[in-house]
Amino acid sequence: MGDPQPTIDQPVRLEIDPNGEMTGGSRRYDKLLGDLEGLYRDEDAYRALLAERGADALMYYVYDQRYQEGPGALIVGTSTLLPGTVGDEYAMTRGHLHAISDRAELYYCLSGHGVMLLDTIDGRSEAVELTPGAAVNVPGEWIHRSVNVGDEPFVTLFSYAADAGQDYGIIADAGGMRTRIVTDGDGWKQVPNPTHVGYARER
Ligand SMILES: O=P(O)(O)OC[C@H]1O[C@H](O)[C@H](O)[C@@H](O)[C@@H]1O
Ligand SMILES: [Fe+2]
């Protein structure tokens, strides 16, 4: 009686387009304007956009491919974040800490112009600007979100451990991340977020 035989998955070929289309993946999911209640600071601007474009307006979408949920497997996919602002804030993903918080993630920019916004529980914040060909290796323990600061879709290729999971509550409970990425007229800037009350473990 030896150890049980591991499941050996078959390699998968993925076709990944700079505009974010991916074939060979396992699934696609869409985030709509109506899903993003509470994300943006300017609630009046959010309500106005909702009235104008409807709850079904597409904000971002993700393709991914995974073999299994085990700790040794990778999830690979693309994220396409459509451009725009809500109030003075640029379009962004909800953001998360991995549920298994030490899990890292690679993001490689395929097209567009964005910022990876990053916070740690222990008080550090970073904003890493991404243009095609630039990547960020996000270490474990960093809360992360993508922000589109350009006029075109911001598309990244990502990869992370299949067992990582996502904790969204950590940002919601803190009143947002420590900083926000806003327009200053002709570009982006990072400003303190006045609604941020600290992450649970630092309160
Ligand atoms: O999950 P959100 O914060 O809404 O961001 C959307 C997606 O962004 C990235 O591409 C991650 O790798 C995905 O796992 C994540 O789901
Ligand atoms: Fe992630």
# chains A, B, ... in the order shown; residues from 1 in each chain; ligands from 1
$ select_by_dssp --residues "region 116-172 of chain A" --states "strand (DSSP E or B)" --output "PyMOL selection string"
chain A and resi 116-120+125-130+135-138+142-148+154-161+167
$ residues_near_ligand --ligand "ligand 2" --cutoff "9 Å" --atoms "only C-alpha atoms and all ligand atoms" --output "list of chain:residue names"
A:Gly95, A:His96, A:Leu97, A:His98, A:Arg103, A:Ala104, A:Glu105, A:Leu106, A:Val138, A:Ile143, A:His144, A:Arg145, A:Phe158, A:Ser159, A:Tyr160, A:Ala164, A:Gly165, A:Gln166
$ write_last_selection --atoms "C-alpha atoms" --output "compact mmCIF listing (two decimals), in the first residue's frame"
# COMPACT_ATOMS: atom_id res chain seq x y z
CA GLY A 95 -10.25 44.10 -4.87
CA HIS A 96 -9.46 41.45 -2.31
CA LEU A 97 -6.97 39.72 -0.05
CA HIS A 98 -6.52 36.07 -0.89
CA ARG A 103 -0.79 33.33 -1.82
CA ALA A 104 0.98 35.52 -4.42
CA GLU A 105 -0.23 36.58 -7.87
CA LEU A 106 1.36 37.68 -11.14
CA VAL A 138 2.11 40.72 -6.01
CA ILE A 143 -4.69 43.38 -0.64
CA HIS A 144 -4.90 44.21 -4.36
CA ARG A 145 -7.21 45.79 -6.90
CA PHE A 158 -2.91 36.86 -14.21
CA SER A 159 -1.86 33.69 -12.47
CA TYR A 160 -2.22 32.59 -8.86
CA ALA A 164 -5.99 31.02 -2.86
CA GLY A 165 -9.64 32.17 -2.82
CA GLN A 166 -10.74 35.79 -2.34
$ closest_residue --among "A:Thr183, A:Thr120, A:Thr80, A:Gln5" --to "ligand 1" --atoms "only C-alpha atoms and all ligand atoms"
A:Thr80
$ closest_residue --among "A:Asp56, A:Glu141, A:Asp151, A:Asp122" --to "Arg178 (chain A)" --atoms "only C-alpha atoms"
A:Asp122
$ closest_residue --among "A:Leu81, A:Val86, A:Leu157, A:Ala127" --to "Gly38 (chain A)" --atoms "only C-alpha atoms"
A:Val86
$ residues_around --residues "Gln190 (chain A)" --least-positions-apart "3" --cutoff "7 Å" --atoms "only C-alpha atoms" --output "list of chain:residue names"
A:Thr179, A:Arg180, A:Ile181, A:Val182
$ write_last_selection --atoms "all heavy atoms" --output "compact mmCIF listing (two decimals), in the first residue's frame"
# COMPACT_ATOMS: atom_id res chain seq x y z
N THR A 179 -6.08 54.17 0.10
CA THR A 179 -6.01 55.28 -0.85
C THR A 179 -6.97 55.03 -2.00
O THR A 179 -7.43 53.91 -2.20
CB THR A 179 -4.58 55.46 -1.42
OG1 THR A 179 -4.24 54.29 -2.17
CG2 THR A 179 -3.56 55.67 -0.32
N ARG A 180 -7.26 56.10 -2.74
CA ARG A 180 -8.07 56.01 -3.95
C ARG A 180 -7.27 56.60 -5.11
O ARG A 180 -6.41 57.46 -4.90
CB ARG A 180 -9.40 56.75 -3.75
CG ARG A 180 -10.33 56.07 -2.73
CD ARG A 180 -11.68 56.76 -2.64
NE ARG A 180 -12.54 56.17 -1.60
CZ ARG A 180 -13.41 55.17 -1.80
NH1 ARG A 180 -13.55 54.65 -3.01
NH2 ARG A 180 -14.14 54.70 -0.80
N ILE A 181 -7.59 56.11 -6.32
CA ILE A 181 -6.92 56.61 -7.53
C ILE A 181 -7.92 57.48 -8.27
O ILE A 181 -8.96 57.00 -8.73
CB ILE A 181 -6.44 55.43 -8.41
CG1 ILE A 181 -5.51 54.49 -7.64
CG2 ILE A 181 -5.76 55.97 -9.66
CD1 ILE A 181 -4.18 55.09 -7.20
N VAL A 182 -7.63 58.77 -8.33
CA VAL A 182 -8.57 59.74 -8.89
C VAL A 182 -7.91 60.52 -10.03
O VAL A 182 -6.69 60.54 -10.19
CB VAL A 182 -9.05 60.72 -7.79
CG1 VAL A 182 -9.79 59.98 -6.68
CG2 VAL A 182 -7.90 61.55 -7.23
$ closest_residue --among "A:Tyr108, A:Gln68, A:Gly20, A:Asp186" --to "Pro6 (chain A)" --atoms "only C-alpha atoms"
A:Gln68
$ residues_around --residues "Gly77 (chain A)" --least-positions-apart "3" --cutoff "10 Å" --atoms "only C-alpha atoms" --output "VMD selection string"
chain A and resid 14 16 20 to 23 25 to 28 62 to 66 74 107 156 to 160
$ write_last_selection --atoms "N, CA and C atoms" --output "PDB file, in the first residue's frame"
ATOM      1  N   LEU A  14      -3.989  27.551 -24.229  1.00  0.00           N
ATOM      2  CA  LEU A  14      -4.851  28.728 -24.137  1.00  0.00           C
ATOM      3  C   LEU A  14      -4.465  29.694 -25.242  1.00  0.00           C
ATOM      4  N   ILE A  16      -4.656  33.599 -25.992  1.00  0.00           N
ATOM      5  CA  ILE A  16      -4.897  34.824 -25.239  1.00  0.00           C
ATOM      6  C   ILE A  16      -4.648  36.015 -26.144  1.00  0.00           C
ATOM      7  N   GLY A  20      -7.964  40.697 -24.320  1.00  0.00           N
ATOM      8  CA  GLY A  20      -8.483  39.982 -23.156  1.00  0.00           C
ATOM      9  C   GLY A  20      -9.286  38.753 -23.489  1.00  0.00           C
ATOM     10  N   GLU A  21      -9.608  38.549 -24.771  1.00  0.00           N
ATOM     11  CA  GLU A  21     -10.354  37.336 -25.109  1.00  0.00           C
ATOM     12  C   GLU A  21      -9.450  36.128 -24.892  1.00  0.00           C
ATOM     13  N   MET A  22      -9.977  35.107 -24.257  1.00  0.00           N
ATOM     14  CA  MET A  22      -9.205  33.894 -24.006  1.00  0.00           C
ATOM     15  C   MET A  22     -10.045  32.678 -24.368  1.00  0.00           C
ATOM     16  N   THR A  23      -9.465  31.803 -25.164  1.00  0.00           N
ATOM     17  CA  THR A  23     -10.178  30.548 -25.455  1.00  0.00           C
ATOM     18  C   THR A  23      -9.388  29.400 -24.843  1.00  0.00           C
ATOM     19  N   GLY A  25     -10.326  28.382 -21.823  1.00  0.00           N
ATOM     20  CA  GLY A  25     -10.536  28.567 -20.386  1.00  0.00           C
ATOM     21  C   GLY A  25     -11.724  27.787 -19.858  1.00  0.00           C
ATOM     22  N   SER A  26     -11.890  27.816 -18.547  1.00  0.00           N
ATOM     23  CA  SER A  26     -12.982  27.080 -17.910  1.00  0.00           C
ATOM     24  C   SER A  26     -14.242  27.927 -17.769  1.00  0.00           C
ATOM     25  N   ARG A  27     -14.062  29.220 -17.630  1.00  0.00           N
ATOM     26  CA  ARG A  27     -15.259  30.041 -17.390  1.00  0.00           C
ATOM     27  C   ARG A  27     -14.974  31.509 -17.671  1.00  0.00           C
ATOM     28  N   ARG A  28     -16.056  32.272 -17.813  1.00  0.00           N
ATOM     29  CA  ARG A  28     -15.986  33.726 -17.868  1.00  0.00           C
ATOM     30  C   ARG A  28     -16.973  34.240 -16.845  1.00  0.00           C
ATOM     31  N   VAL A  62     -13.786  38.580 -16.523  1.00  0.00           N
ATOM     32  CA  VAL A  62     -12.634  37.725 -16.223  1.00  0.00           C
ATOM     33  C   VAL A  62     -12.832  36.379 -16.912  1.00  0.00           C
ATOM     34  N   TYR A  63     -11.795  35.925 -17.619  1.00  0.00           N
ATOM     35  CA  TYR A  63     -11.762  34.545 -18.083  1.00  0.00           C
ATOM     36  C   TYR A  63     -10.749  33.815 -17.226  1.00  0.00           C
ATOM     37  N   ASP A  64     -11.034  32.599 -16.845  1.00  0.00           N
ATOM     38  CA  ASP A  64      -9.952  31.840 -16.215  1.00  0.00           C
ATOM     39  C   ASP A  64     -10.009  30.368 -16.548  1.00  0.00           C
ATOM     40  N   GLN A  65      -8.884  29.747 -16.304  1.00  0.00           N
ATOM     41  CA  GLN A  65      -8.725  28.320 -16.558  1.00  0.00           C
ATOM     42  C   GLN A  65      -8.072  27.720 -15.331  1.00  0.00           C
ATOM     43  N   ARG A  66      -8.622  26.617 -14.853  1.00  0.00           N
ATOM     44  CA  ARG A  66      -8.044  25.920 -13.699  1.00  0.00           C
ATOM     45  C   ARG A  66      -8.201  24.424 -13.899  1.00  0.00           C
ATOM     46  N   LEU A  74      -2.149  26.085 -10.623  1.00  0.00           N
ATOM     47  CA  LEU A  74      -2.288  27.512 -10.931  1.00  0.00           C
ATOM     48  C   LEU A  74      -3.636  27.782 -11.589  1.00  0.00           C
ATOM     49  N   TYR A 107       0.530  39.639 -12.280  1.00  0.00           N
ATOM     50  CA  TYR A 107      -0.296  40.361 -13.264  1.00  0.00           C
ATOM     51  C   TYR A 107       0.624  40.924 -14.330  1.00  0.00           C
ATOM     52  N   THR A 156      -5.174  42.569 -18.231  1.00  0.00           N
ATOM     53  CA  THR A 156      -4.025  41.885 -17.627  1.00  0.00           C
ATOM     54  C   THR A 156      -4.191  40.380 -17.760  1.00  0.00           C
ATOM     55  N   LEU A 157      -3.048  39.730 -17.887  1.00  0.00           N
ATOM     56  CA  LEU A 157      -2.959  38.277 -17.748  1.00  0.00           C
ATOM     57  C   LEU A 157      -2.567  38.026 -16.297  1.00  0.00           C
ATOM     58  N   PHE A 158      -3.254  37.120 -15.618  1.00  0.00           N
ATOM     59  CA  PHE A 158      -2.912  36.863 -14.213  1.00  0.00           C
ATOM     60  C   PHE A 158      -2.706  35.378 -13.979  1.00  0.00           C
ATOM     61  N   SER A 159      -1.997  35.079 -12.910  1.00  0.00           N
ATOM     62  CA  SER A 159      -1.862  33.692 -12.473  1.00  0.00           C
ATOM     63  C   SER A 159      -1.645  33.649 -10.972  1.00  0.00           C
ATOM     64  N   TYR A 160      -2.349  32.742 -10.319  1.00  0.00           N
ATOM     65  CA  TYR A 160      -2.218  32.592  -8.860  1.00  0.00           C
ATOM     66  C   TYR A 160      -2.578  31.175  -8.453  1.00  0.00           C
TER      67      TYR A 160
END
$ closest_residue --among "A:Thr131, A:Asn137, A:Thr7, A:Ser125" --to "ligand 1" --atoms "only C-alpha atoms and all ligand atoms"
A:Asn137
$ atom_distance --atom1 "CA of Asn148 (chain A)" --atom2 "CA of Leu50 (chain A)"
19.1 Å
$ closest_residue --among "A:Ser101, A:Thr85, A:Thr78, A:Ser111" --to "ligand 1" --atoms "only C-alpha atoms and all ligand atoms"
A:Thr78
$ atom_distance --atom1 "CA of Thr195 (chain A)" --atom2 "CA of Ala174 (chain A)"
8.1 Å
$ residues_around --residues "Ala172 (chain A)" --least-positions-apart "3" --cutoff "10 Å" --atoms "only C-alpha atoms" --output "list in words"
Gly38, Leu39, Arg94, Gly95, His96, Asp167, Tyr168, Gly169, Gly175, Gly176, Met177, His196 and Tyr199 of chain A
$ atom_distance --atom1 "CA of Gly140 (chain A)" --atom2 "CA of His113 (chain A)"
23.8 Å
$ select_by_dssp --residues "region 20-104 of chain A" --states "helix (DSSP H, G or I)" --output "count of residues only"
15
$ residues_around --residues "Pro132 (chain A)" --least-positions-apart "5" --cutoff "7 Å" --atoms "only C-alpha atoms" --output "mmCIF file with N, CA and C atoms, in the first residue's frame"
data_model
loop_
_atom_site.group_PDB
_atom_site.id
_atom_site.type_symbol
_atom_site.label_atom_id
_atom_site.label_comp_id
_atom_site.auth_asym_id
_atom_site.auth_seq_id
_atom_site.Cartn_x
_atom_site.Cartn_y
_atom_site.Cartn_z
ATOM 1 N N CYS A 109 0.526 43.135 -17.890
ATOM 2 C CA CYS A 109 -0.370 43.998 -18.677
ATOM 3 C C CYS A 109 -0.276 43.661 -20.164
ATOM 4 N N LEU A 110 -1.418 43.320 -20.743
ATOM 5 C CA LEU A 110 -1.499 43.008 -22.179
ATOM 6 C C LEU A 110 -1.873 44.227 -22.994
ATOM 7 N N SER A 111 -2.722 45.083 -22.438
ATOM 8 C CA SER A 111 -3.074 46.315 -23.150
ATOM 9 C C SER A 111 -3.718 47.306 -22.189
ATOM 10 N N GLY A 112 -3.715 48.567 -22.609
ATOM 11 C CA GLY A 112 -4.301 49.623 -21.795
ATOM 12 C C GLY A 112 -3.312 50.211 -20.792
#
